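What follows is structure-v2.txt (compact mmCIF, C-alpha atoms).
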# COMPACT_ATOMS: atom_id res chain seq x y z
CA GLY X 9 92.25 125.36 149.98
CA GLU X 10 93.22 121.88 148.91
CA SER X 11 91.63 119.07 150.83
CA VAL X 12 90.52 115.50 150.75
CA GLY X 13 86.96 115.15 151.85
CA LEU X 14 84.16 112.68 152.20
CA HIS X 15 80.62 113.32 151.08
CA LEU X 16 78.80 111.87 154.09
CA PRO X 17 79.87 111.63 157.74
CA THR X 18 77.76 108.52 158.48
CA LEU X 19 76.49 105.70 156.31
CA SER X 20 74.05 103.13 157.67
CA VAL X 21 73.46 99.90 155.74
CA GLN X 22 71.75 96.60 156.30
CA GLU X 23 73.90 93.53 156.74
CA GLY X 24 74.35 91.82 153.41
CA ASP X 25 73.82 94.97 151.35
CA ASN X 26 76.57 96.67 149.37
CA SER X 27 78.13 99.86 150.76
CA ILE X 28 79.53 102.76 148.79
CA ILE X 29 81.69 105.34 150.51
CA ASN X 30 82.65 108.41 148.53
CA CYS X 31 85.59 110.77 148.63
CA ALA X 32 86.41 113.98 146.75
CA TYR X 33 89.90 115.34 146.35
CA SER X 34 91.08 118.63 144.93
CA ASN X 35 94.76 118.17 144.07
CA SER X 36 94.88 116.94 140.50
CA ALA X 37 98.61 116.24 140.88
CA SER X 38 98.04 113.52 143.49
CA ASP X 39 99.00 110.15 142.07
CA TYR X 40 98.23 107.64 144.77
CA PHE X 41 95.19 107.04 146.95
CA ILE X 42 94.55 104.69 149.83
CA TRP X 43 91.49 103.63 151.76
CA TYR X 44 91.90 102.86 155.44
CA LYS X 45 89.52 101.34 157.96
CA GLN X 46 89.78 102.46 161.56
CA GLU X 47 88.02 100.75 164.43
CA SER X 48 87.52 102.48 167.74
CA GLY X 49 90.77 102.87 169.67
CA LYS X 50 92.90 101.33 166.93
CA GLY X 51 95.21 102.59 164.22
CA PRO X 52 94.15 102.85 160.57
CA GLN X 53 94.16 99.52 158.77
CA PHE X 54 95.07 99.40 155.08
CA ILE X 55 92.22 98.21 152.88
CA ILE X 56 93.11 98.94 149.28
CA ASP X 57 95.05 101.45 147.21
CA ILE X 58 94.99 102.74 143.68
CA ARG X 59 97.41 104.67 141.53
CA SER X 60 96.33 107.46 139.24
CA ASN X 61 97.04 105.45 136.10
CA MET X 62 94.18 103.12 137.04
CA ASP X 63 90.41 103.58 137.15
CA LYS X 64 89.47 100.56 139.18
CA ARG X 65 91.04 98.07 141.50
CA GLN X 66 89.47 95.10 143.22
CA GLY X 67 90.31 93.30 146.40
CA GLN X 68 88.51 90.81 148.51
CA ARG X 69 84.93 92.16 148.80
CA VAL X 70 86.20 95.68 148.13
CA THR X 71 86.53 97.75 144.98
CA VAL X 72 88.02 101.19 144.62
CA LEU X 73 87.01 103.43 141.72
CA LEU X 74 88.94 106.50 140.69
CA ASN X 75 87.48 109.20 138.47
CA LYS X 76 90.23 111.69 137.74
CA THR X 77 88.00 113.87 135.60
CA VAL X 78 85.87 114.89 138.56
CA LYS X 79 88.49 114.07 141.19
CA HIS X 80 86.35 111.50 142.90
CA LEU X 81 87.21 108.27 144.68
CA SER X 82 84.85 105.61 145.99
CA LEU X 83 85.10 102.47 148.05
CA GLN X 84 82.57 99.73 147.43
CA ILE X 85 82.14 96.97 149.99
CA ALA X 86 80.19 93.94 148.85
CA ALA X 87 77.91 91.99 151.19
CA THR X 88 78.60 94.28 154.12
CA GLN X 89 79.12 92.49 157.43
CA PRO X 90 78.88 93.70 161.04
CA GLY X 91 82.68 93.51 161.23
CA ASP X 92 82.85 96.19 158.56
CA SER X 93 81.47 98.75 161.01
CA ALA X 94 84.19 101.35 161.44
CA VAL X 95 85.34 104.76 160.26
CA TYR X 96 86.67 104.76 156.70
CA PHE X 97 89.25 107.28 155.53
CA CYS X 98 90.47 108.06 152.08
CA ALA X 99 94.01 109.37 151.93
CA GLU X 100 95.88 111.13 149.17
CA ASN X 101 99.61 111.05 148.50
CA ARG X 102 100.86 114.58 148.04
CA GLY X 103 104.49 114.12 148.95
CA SER X 104 106.95 115.54 146.48
CA GLY X 105 109.11 112.81 145.01
CA ASN X 106 106.69 110.19 146.27
CA THR X 107 107.66 110.52 149.92
CA GLY X 108 104.45 108.85 150.94
CA LYS X 109 103.14 111.75 153.00
CA LEU X 110 99.40 111.27 153.15
CA ILE X 111 96.60 113.78 153.46
CA PHE X 112 93.52 112.27 155.07
CA GLY X 113 89.88 113.22 154.81
CA GLN X 114 87.71 113.42 157.91
CA GLY X 115 86.23 109.97 157.60
CA THR X 116 82.88 108.29 157.05
CA THR X 117 81.39 106.17 159.79
CA LEU X 118 79.89 102.96 158.43
CA GLN X 119 77.18 101.42 160.60
CA VAL X 120 76.02 97.94 159.69
CA LYS X 121 72.58 96.97 160.98
CA PRO X 122 72.05 93.25 161.63
CA ASP R 51 103.61 90.16 165.41
CA THR R 52 105.52 91.78 162.54
CA GLY R 53 103.48 94.97 162.29
CA VAL R 54 104.31 98.48 163.43
CA SER R 55 104.67 98.50 167.20
CA GLN R 56 104.11 101.52 169.43
CA ASP R 57 104.76 102.03 173.12
CA PRO R 58 103.18 103.03 175.42
CA ARG R 59 99.65 102.59 174.14
CA HIS R 60 98.26 105.02 176.66
CA LYS R 61 99.86 107.85 178.59
CA ILE R 62 98.32 110.29 181.03
CA THR R 63 100.54 113.15 182.05
CA LYS R 64 100.28 116.44 183.84
CA ARG R 65 100.60 119.65 181.90
CA GLY R 66 104.21 120.75 181.70
CA GLN R 67 105.69 117.27 181.86
CA ASN R 68 107.70 115.67 179.07
CA VAL R 69 106.59 112.48 177.36
CA THR R 70 108.28 110.14 174.93
CA PHE R 71 106.73 107.63 172.56
CA ARG R 72 108.56 104.82 170.82
CA CYS R 73 107.85 103.25 167.45
CA ASP R 74 109.28 100.07 165.99
CA PRO R 75 108.52 99.90 162.25
CA ILE R 76 108.05 96.81 160.16
CA SER R 77 111.49 95.31 159.66
CA GLU R 78 113.14 96.27 156.36
CA HIS R 79 110.87 99.33 156.06
CA ASN R 80 113.21 102.27 155.70
CA ARG R 81 110.56 104.99 155.79
CA LEU R 82 108.95 105.93 159.07
CA TYR R 83 106.21 108.48 159.67
CA TRP R 84 104.58 110.14 162.64
CA TYR R 85 101.00 111.35 162.48
CA ARG R 86 98.67 112.87 165.03
CA GLN R 87 94.96 112.22 165.25
CA THR R 88 92.39 114.02 167.37
CA LEU R 89 88.89 112.79 168.05
CA GLY R 90 86.65 112.85 165.00
CA GLN R 91 89.43 113.86 162.62
CA GLY R 92 91.66 112.07 160.18
CA PRO R 93 95.35 111.62 160.94
CA GLU R 94 97.59 114.62 160.26
CA PHE R 95 101.15 114.26 159.07
CA LEU R 96 103.86 115.38 161.52
CA THR R 97 107.19 114.17 160.23
CA TYR R 98 108.92 111.55 158.13
CA PHE R 99 112.25 109.70 158.11
CA GLN R 100 114.06 107.86 155.42
CA ASN R 101 116.50 105.65 157.31
CA GLU R 102 117.97 107.93 160.00
CA ALA R 103 117.42 111.17 158.10
CA GLN R 104 114.45 113.33 159.02
CA LEU R 105 113.39 114.64 155.63
CA GLU R 106 110.22 116.57 156.30
CA LYS R 107 108.49 118.24 159.22
CA SER R 108 105.00 119.65 159.32
CA ARG R 109 104.17 123.11 160.61
CA LEU R 110 102.21 121.20 163.28
CA LEU R 111 105.47 120.07 164.79
CA SER R 112 106.25 122.92 167.16
CA ASP R 113 109.60 123.45 168.87
CA ARG R 114 108.36 121.37 171.79
CA PHE R 115 108.22 118.30 169.58
CA SER R 116 111.29 116.35 168.54
CA ALA R 117 111.57 113.08 166.68
CA GLU R 118 114.61 110.92 166.20
CA ARG R 119 115.52 107.74 164.44
CA PRO R 120 119.17 107.35 165.41
CA LYS R 121 120.01 104.03 163.80
CA GLY R 122 117.41 103.99 161.08
CA SER R 123 115.32 101.43 162.91
CA PHE R 124 113.09 102.46 165.84
CA SER R 125 112.03 106.06 166.35
CA THR R 126 111.09 108.21 169.32
CA LEU R 127 108.76 111.19 169.48
CA GLU R 128 109.27 113.46 172.47
CA ILE R 129 106.93 116.21 173.54
CA GLN R 130 108.36 118.70 176.01
CA ARG R 131 106.32 120.86 178.38
CA THR R 132 103.08 119.21 177.35
CA GLU R 133 99.94 121.28 176.94
CA GLN R 134 96.32 120.18 177.01
CA GLY R 135 96.13 120.77 173.28
CA ASP R 136 98.69 118.00 172.80
CA SER R 137 96.10 115.42 173.87
CA ALA R 138 95.66 113.17 170.86
CA MET R 139 96.59 109.81 169.43
CA TYR R 140 100.09 109.69 168.01
CA LEU R 141 100.37 107.26 165.17
CA CYS R 142 103.50 105.78 163.72
CA ALA R 143 103.61 104.26 160.25
CA SER R 144 106.21 102.71 158.00
CA SER R 145 106.76 101.80 154.38
CA LEU R 146 109.39 100.80 151.87
CA SER R 147 110.94 103.55 149.84
CA ARG R 148 110.09 102.36 146.34
CA GLY R 149 107.78 105.14 145.24
CA PRO R 150 104.42 105.66 146.98
CA ASP R 151 104.48 102.28 148.66
CA THR R 152 101.75 101.11 151.01
CA ILE R 153 101.97 102.81 154.39
CA TYR R 154 101.16 100.63 157.37
CA PHE R 155 100.11 102.14 160.69
CA GLY R 156 100.61 101.03 164.25
CA GLU R 157 97.87 100.99 166.84
CA GLY R 158 98.81 104.42 168.14
CA SER R 159 99.80 105.95 171.45
CA TRP R 160 97.04 107.83 173.24
CA LEU R 161 98.18 110.92 175.12
CA THR R 162 95.99 112.65 177.66
CA VAL R 163 97.34 115.83 179.22
CA VAL R 164 95.55 116.84 182.42
Show how you would write the structure in this file as structure tokens.
Amino acid sequence: GESVGLHLPTLSVQEGDNSIINCAYSNSASDYFIWYKQESGKGPQFIIDIRSNMDKRQGQRVTVLLNKTVKHLSLQIAATQPGDSAVYFCAENRGSGNTGKLIFGQGTTLQVKP
Amino acid sequence: DTGVSQDPRHKITKRGQNVTFRCDPISEHNRLYWYRQTLGQGPEFLTYFQNEAQLEKSRLLSDRFSAERPKGSFSTLEIQRTEQGDSAMYLCASSLSRGPDTIYFGEGSWLTVV
């Protein structure tokens, strides 16, 4: 069935290195994607979004890449810091008429080693 | 704090009791969403309001669940005759209604049914 998924459940990186978190989606009609960061016991925190008419979008220390051909999304975090340790979710907008209903993947846990 | 506010943050209840959660969205956001998240999983969509109208409900929202947004501002989610399987974090989120606008989440309400 249709799903949004992440390639790896856990990613461990050294402080200062760059992190890349991947996400695959299967609904080619989805037109909006968001990355969220979730720390233990807290709600998801918006990081960055991208619309399907774009291939790349940059924020502060983060970059999202969208490859519609292979239905793949990635989040790159530059100079990873201990505060970046969290679970990262990609989410896909599948609502008809752009309702904003999101379908989430299962998440990748990012562990940053000092 | 002008973010999405949820109350209570934690609730422990006995099986069979009713519980109610409240959500105050970001002011001027006319869309409001409820999601449910269990341990190790991504959030799952439950229902969505545009102003006071409930426009979509997930199959996950059984007859024991009811959500309201009477004046188009705050919303309540009530669970009747709680079951142990209802134990989860209930997340509220809000957004503007101009297309797939950024959806901001609250910190969630943890429910434990014993």
Per residue of chain X within 8 Å of chain R, record the nearest atom pair and its distance in Å to one decimal, counting only C-alpha atoms, with rows in chain order and ascending residue number, as CSV.
residue,atom,partner,partner_atom,distance
X:Tyr40,CA,R:Pro150,CA,6.9
X:Gly49,CA,R:Glu157,CA,7.9
X:Lys50,CA,R:Glu157,CA,5.0
X:Gly51,CA,R:Glu157,CA,4.1
X:Pro52,CA,R:Phe155,CA,6.0
X:Gln53,CA,R:Phe155,CA,6.8
X:Phe54,CA,R:Tyr154,CA,6.6
X:Asp57,CA,R:Thr152,CA,7.7
X:Phe97,CA,R:Gly92,CA,7.1
X:Asn101,CA,R:Pro150,CA,7.4
X:Gly105,CA,R:Gly149,CA,7.8
X:Asn106,CA,R:Pro150,CA,5.1
X:Thr107,CA,R:Pro150,CA,6.5
X:Gly108,CA,R:Pro150,CA,5.1
X:Lys109,CA,R:Phe95,CA,6.9
X:Leu110,CA,R:Phe95,CA,6.9
X:Ile111,CA,R:Glu94,CA,6.9
X:Phe112,CA,R:Gly92,CA,5.4
X:Gly113,CA,R:Gly92,CA,5.8
X:Gln114,CA,R:Gly92,CA,4.8
X:Gly115,CA,R:Gly92,CA,6.4
Practice task
Using only C-alpha atoms, find the one residue out of X:Ile85, X:Pro122, X:Lys45, X:Asp39 that sits nearest to Asp63 (chain X).
Solution key: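 Closest to Asp63 (chain X), using only C-alpha atoms: X:Asp39.
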Handout entry: Answer as a PyMOL selection string, residues within 12 Å of (108.7, 97.3, 168.2) using all atoms listed in the file
Key = chain R and resi 51-58+71-77+123-126+142-144+156-157
Expected file contents, prior selection, C-alpha atoms, as a tab-separated table (two decimals), keeping the file's coordinate frame:
chain	number	residue	atom	x	y	z
R	51	ASP	CA	103.61	90.16	165.41
R	52	THR	CA	105.52	91.78	162.54
R	53	GLY	CA	103.48	94.97	162.29
R	54	VAL	CA	104.31	98.48	163.43
R	55	SER	CA	104.67	98.50	167.20
R	56	GLN	CA	104.11	101.52	169.43
R	57	ASP	CA	104.76	102.03	173.12
R	58	PRO	CA	103.18	103.03	175.42
R	71	PHE	CA	106.73	107.63	172.56
R	72	ARG	CA	108.56	104.82	170.82
R	73	CYS	CA	107.85	103.25	167.45
R	74	ASP	CA	109.28	100.07	165.99
R	75	PRO	CA	108.52	99.90	162.25
R	76	ILE	CA	108.05	96.81	160.16
R	77	SER	CA	111.49	95.31	159.66
R	123	SER	CA	115.32	101.43	162.91
R	124	PHE	CA	113.09	102.46	165.84
R	125	SER	CA	112.03	106.06	166.35
R	126	THR	CA	111.09	108.21	169.32
R	142	CYS	CA	103.50	105.78	163.72
R	143	ALA	CA	103.61	104.26	160.25
R	144	SER	CA	106.21	102.71	158.00
R	156	GLY	CA	100.61	101.03	164.25
R	157	GLU	CA	97.87	100.99	166.84
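The closest residue to Cys98 (chain X), picked from X:Ala37, X:Leu73, X:Leu81, X:Ala86 and counting all atoms listed in the file, is X:Leu81.
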Problem - For CA of Lys76 (chain X) and CA of Asn61 (chain X), the interatomic separation in Å (one decimal) - result: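 Answer for the CA of Lys76 (chain X) to CA of Asn61 (chain X) separation: 9.4 Å.
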Handout entry: Between CA of Ser137 (chain R) and CA of Pro120 (chain R), distance in Å (one decimal)
Key =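 Interatomic distance, CA of Ser137 (chain R) to CA of Pro120 (chain R): 25.9 Å.
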Exercise for the section: Grab the CA of Gly91 (chain X) to CA of Leu161 (chain R) distance for me, in Å with one decimal place. Expected result: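 Taking CA of Gly91 (chain X) and CA of Leu161 (chain R), their separation equals 27.1 Å.
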Handout entry: Distance criterion (only C-alpha atoms): nearest to Asn68 (chain R) out of R:Gln130, R:Gln104, R:Ser116, R:Thr88
Key = R:Gln130
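Restricting the calculation to only C-alpha atoms, the smallest distance between Asp25 (chain X) and any of X:Val120, X:Ala87, X:Ile58, X:Ala94 is found for X:Ala87.
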Practice task
Considering only C-alpha atoms, return as an MDAnalysis selection string whatever protein or nucleic-acid residues lie within 8 Å of Tyr96 (chain X), sequence-local ones (same chain, fewer than 3 positions apart) excluded.
Solution key: chainID X and resid 29 43:46 115:118
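Residues in contact with Asn26 (chain X) at up to 10 Å, not including ones fewer than 4 positions away on its chain and judged by only C-alpha atoms, are Val21, Gln22, Arg69, Val70, Gln84, Ile85, Ala86, Ala87, Thr88 and Gln89 of chain X.
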Problem - Shell of 12 Å around Val78 (chain X), all atoms listed in the file, local chain residues under 2 positions omitted, as a ChimeraX atom specification - result: /X:31-36,73-76,80-82
Exercise for the section: Check the smallest atom-to-atom distance from each of R:Arg65, R:Arg109, R:Ala117, R:Gly122 to His79 (chain R) using only C-alpha atoms, then report the winner. Expected result: R:Gly122
Assuming the input is short of atoms at region 26-50 of chain X, produce N, CA and C atoms for that part as an mmCIF file, in the coordinates of the input.
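This is the output file selection.cif:
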data_model
loop_
_atom_site.group_PDB
_atom_site.id
_atom_site.type_symbol
_atom_site.label_atom_id
_atom_site.label_comp_id
_atom_site.auth_asym_id
_atom_site.auth_seq_id
_atom_site.Cartn_x
_atom_site.Cartn_y
_atom_site.Cartn_z
ATOM 1 N N ASN X 26 75.301 96.076 149.793
ATOM 2 C CA ASN X 26 76.570 96.670 149.370
ATOM 3 C C ASN X 26 76.673 98.096 149.911
ATOM 4 N N SER X 27 77.879 98.505 150.253
ATOM 5 C CA SER X 27 78.130 99.860 150.760
ATOM 6 C C SER X 27 78.989 100.617 149.761
ATOM 7 N N ILE X 28 78.697 101.885 149.622
ATOM 8 C CA ILE X 28 79.530 102.760 148.790
ATOM 9 C C ILE X 28 79.897 103.989 149.595
ATOM 10 N N ILE X 29 81.181 104.184 149.776
ATOM 11 C CA ILE X 29 81.690 105.340 150.510
ATOM 12 C C ILE X 29 82.429 106.216 149.515
ATOM 13 N N ASN X 30 82.115 107.499 149.518
ATOM 14 C CA ASN X 30 82.650 108.410 148.530
ATOM 15 C C ASN X 30 83.691 109.363 149.108
ATOM 16 N N CYS X 31 84.537 109.852 148.228
ATOM 17 C CA CYS X 31 85.590 110.770 148.630
ATOM 18 C C CYS X 31 85.894 111.704 147.466
ATOM 19 N N ALA X 32 86.019 112.998 147.760
ATOM 20 C CA ALA X 32 86.410 113.980 146.750
ATOM 21 C C ALA X 32 87.785 114.520 147.104
ATOM 22 N N TYR X 33 88.600 114.734 146.109
ATOM 23 C CA TYR X 33 89.900 115.340 146.350
ATOM 24 C C TYR X 33 90.057 116.517 145.402
ATOM 25 N N SER X 34 90.975 117.412 145.737
ATOM 26 C CA SER X 34 91.080 118.630 144.930
ATOM 27 C C SER X 34 92.430 118.804 144.258
ATOM 28 N N ASN X 35 93.428 118.014 144.664
ATOM 29 C CA ASN X 35 94.760 118.170 144.070
ATOM 30 C C ASN X 35 94.908 117.231 142.884
ATOM 31 N N SER X 36 94.825 117.771 141.694
ATOM 32 C CA SER X 36 94.880 116.940 140.500
ATOM 33 C C SER X 36 96.259 116.318 140.293
ATOM 34 N N ALA X 37 97.264 116.800 141.012
ATOM 35 C CA ALA X 37 98.610 116.240 140.880
ATOM 36 C C ALA X 37 98.819 115.007 141.738
ATOM 37 N N SER X 38 97.895 114.709 142.649
ATOM 38 C CA SER X 38 98.040 113.520 143.490
ATOM 39 C C SER X 38 97.990 112.272 142.632
ATOM 40 N N ASP X 39 98.866 111.311 142.943
ATOM 41 C CA ASP X 39 99.000 110.150 142.070
ATOM 42 C C ASP X 39 98.761 108.821 142.770
ATOM 43 N N TYR X 40 98.370 108.877 144.023
ATOM 44 C CA TYR X 40 98.230 107.640 144.770
ATOM 45 C C TYR X 40 97.200 107.853 145.861
ATOM 46 N N PHE X 41 96.288 106.908 145.996
ATOM 47 C CA PHE X 41 95.190 107.040 146.950
ATOM 48 C C PHE X 41 95.029 105.728 147.715
ATOM 49 N N ILE X 42 94.705 105.876 148.987
ATOM 50 C CA ILE X 42 94.550 104.690 149.830
ATOM 51 C C ILE X 42 93.259 104.817 150.626
ATOM 52 N N TRP X 43 92.617 103.707 150.825
ATOM 53 C CA TRP X 43 91.490 103.630 151.760
ATOM 54 C C TRP X 43 91.951 102.880 153.007
ATOM 55 N N TYR X 44 91.610 103.476 154.161
ATOM 56 C CA TYR X 44 91.900 102.860 155.440
ATOM 57 C C TYR X 44 90.607 102.653 156.219
ATOM 58 N N LYS X 45 90.615 101.626 157.041
ATOM 59 C CA LYS X 45 89.520 101.340 157.960
ATOM 60 C C LYS X 45 90.067 101.538 159.371
ATOM 61 N N GLN X 46 89.314 102.246 160.202
ATOM 62 C CA GLN X 46 89.780 102.460 161.560
ATOM 63 C C GLN X 46 88.673 102.111 162.545
ATOM 64 N N GLU X 47 88.939 101.127 163.363
ATOM 65 C CA GLU X 47 88.020 100.750 164.430
ATOM 66 C C GLU X 47 88.355 101.547 165.681
ATOM 67 N N SER X 48 87.382 101.641 166.550
ATOM 68 C CA SER X 48 87.520 102.480 167.740
ATOM 69 C C SER X 48 88.754 102.101 168.551
ATOM 70 N N GLY X 49 89.599 103.084 168.837
ATOM 71 C CA GLY X 49 90.770 102.870 169.670
ATOM 72 C C GLY X 49 91.940 102.203 168.975
ATOM 73 N N LYS X 50 91.831 102.002 167.663
ATOM 74 C CA LYS X 50 92.900 101.330 166.930
ATOM 75 C C LYS X 50 93.474 102.240 165.854
#
